[in-house]
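> Mind looking over this structure? Questions follow.
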Amino acid sequence: MIFTFVTLFQNLIEGYFQDSILKRAIDRDLIRLSYLNPRDYSQNKHNKVDDTAVGGGAGMVMNPQPLYDVLDDLKKSDEKVHIVFLTPVAKPFKQNDAKRLAKKSHIAFVSGRYEGIDERVIENYADEVFSIGDYILTGGELASLVMCDAISRNINGVLGNSDSLSIESFETPLLEAPSFSKPKVYEEISVPSEYLKGNHSKIRSLKLALSECKTKFFRPDQLIKHKTQSH
Ligand code: ADE
């Protein structure tokens, strides 16, 4: 899988891939990264990429020209590239999207800064538009990293142990049961005694009960989904 980041701030993104699972995925050539900077495509003599909003409104909006040119180039280099825009004005990104997008060969994330991106760019080039949540970030870079991470985990071979995907929260409507590490007793608090006894069917049913409890408390909307799916 190739991930292309279309961003004015490559530095903000690079660090995330310098350690842990995604670094290993790059070392094994399971994922490849590339970067395109709209500023390099600006025809403005000062390489400007933004301007005040037509019709008024606060802040600067990214101009169409550099983005049209960078995205034309990208599409010419790979007609299969799937172009994703990050903005808070979009459908929410979910685990199902991560799974679906993991099957693409090339995804480009287009991050806006300032007050946003000229809408004509999104209209012309977006295969999909996502928000990662109901809050406003300084730009799309963090959102693109969130998506890239969640998608990468669903690419074959990226996680060492494929089991760790299937029981994760959001693979089913229930949130994952709590996990405990060693020691078994820490500061006088023990892990649940059932976890210690080694009866796997009992552990499974306790984990299901704990999952239901957590889901009811934190995500009652998900519990309703679980109940309708299991009946
Ligand atoms: N850019 C700014 N805020 C965002 C959000 N919540 N999701 C995606 N992109 C964004």
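Scheme for the structure tokens: letters A, B, ... for chains in order shown; per-chain residue numbers from 1; ligand numbers from 1 in order shown.
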Got a sec to check which residues lie within 7 Å of ligand 1, using only C-alpha atoms and all ligand atoms, and send them as an MDAnalysis selection string?
chainID A and resid 86:88 112 130:140 143
> How close does range 51-109 of chain A get to range 170-188 of chain A? List, as JSON lines, each residue of range 51-109 of chain A within 12 Å, its nearest atom pair and the distance in Å to one decimal, counting only C-alpha atoms.

{"residue": "A:Lys94", "atom": "CA", "partner": "A:Phe170", "partner_atom": "CA", "distance": 8.5}
{"residue": "A:Gln95", "atom": "CA", "partner": "A:Phe170", "partner_atom": "CA", "distance": 6.3}
{"residue": "A:Asn96", "atom": "CA", "partner": "A:Glu171", "partner_atom": "CA", "distance": 8.1}
{"residue": "A:Asp97", "atom": "CA", "partner": "A:Phe170", "partner_atom": "CA", "distance": 11.3}
{"residue": "A:Ala98", "atom": "CA", "partner": "A:Glu171", "partner_atom": "CA", "distance": 10.8}
{"residue": "A:Lys99", "atom": "CA", "partner": "A:Glu171", "partner_atom": "CA", "distance": 9.6}
> With N, CA, C and O atoms retained, write the just-selected residues as a short mmCIF file (atom, residue, chain, number, x, y, z; two decimals), in the first residue's frame.

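Output below, filename part-v3.cif:
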data_model
loop_
_atom_site.label_atom_id
_atom_site.label_comp_id
_atom_site.auth_asym_id
_atom_site.auth_seq_id
_atom_site.Cartn_x
_atom_site.Cartn_y
_atom_site.Cartn_z
N LYS A 94 -14.80 5.38 10.50
CA LYS A 94 -15.10 4.25 11.39
C LYS A 94 -14.21 3.05 11.06
O LYS A 94 -13.60 2.99 9.99
N GLN A 95 -14.20 2.09 11.97
CA GLN A 95 -13.38 0.88 11.79
C GLN A 95 -13.70 0.17 10.46
O GLN A 95 -12.81 -0.35 9.80
N ASN A 96 -14.98 0.15 10.09
CA ASN A 96 -15.35 -0.47 8.81
C ASN A 96 -14.69 0.21 7.62
O ASN A 96 -14.34 -0.46 6.64
N ASP A 97 -14.54 1.53 7.72
CA ASP A 97 -13.85 2.26 6.66
C ASP A 97 -12.37 1.86 6.63
O ASP A 97 -11.78 1.70 5.56
N ALA A 98 -11.79 1.71 7.83
CA ALA A 98 -10.37 1.31 7.91
C ALA A 98 -10.17 -0.04 7.20
O ALA A 98 -9.23 -0.23 6.42
N LYS A 99 -11.08 -0.97 7.47
CA LYS A 99 -10.97 -2.31 6.86
C LYS A 99 -11.13 -2.25 5.34
O LYS A 99 -10.39 -2.88 4.60
#
> Extract, using only C-alpha atoms, all DNA, RNA and protein residues at most 8 Å from Phe109 in chain A, discarding same-chain residues fewer than 4 positions from it, and format them as a list in words.
Phe3, Thr4, Phe5, Val6, Ile83, Val84, Phe85, Leu86 and Ser144 of chain A
> So what do you get for CA of Lys104 in chain A versus CA of Gly15 in chain A, distance-wise?
23.9 Å
> With only C-alpha atoms as the counted atoms, please give the residues lying no more than 8 Å from range 194-197 of chain A, apart from itself and same-chain residues fewer than 5 positions off, as a PyMOL selection string.
chain A and resi 202-203+206
> A:Tyr68, A:Asn161, A:Ser111, A:Arg153: which is nearest Glu123 in chain A, counting only C-alpha atoms?
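Among the listed residues, the smallest separation from Glu123 in chain A belongs to A:Tyr68.
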> What residues in range 18-227 of chain A get the DSSP label alpha helix (DSSP H)? Please answer as a ChimeraX atom specification.
/A:20-27,64-77,95-101,119-125,141-152,163-166,193-197,200-218,220-227
> Any idea what's packed within 10 Å of range 44-60 of chain A, counting only C-alpha atoms, ignoring anything in its chain fewer than 3 positions away? Could you give it as a list in words?
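Here the answer would be Leu8, Pro38, Arg39, Asp40, Tyr41, Asn63, Pro64, Gln65, Pro66, Leu67, Arg113, Tyr114, Glu115, Gly116, Ile117 and Asp118 of chain A.
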> Residues of chain A in strand (DSSP E or B) according to DSSP, as a ChimeraX atom specification?
/A:2-6,32-36,50-52,60-62,82-92,106-111,116-117,128-131,169,172,185-186,189-190
> Please report the interatomic distance between CA of Gln10 in chain A and CA of Leu159 in chain A in Å with one decimal.
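Separation of CA of Gln10 in chain A and CA of Leu159 in chain A: 25.4 Å.
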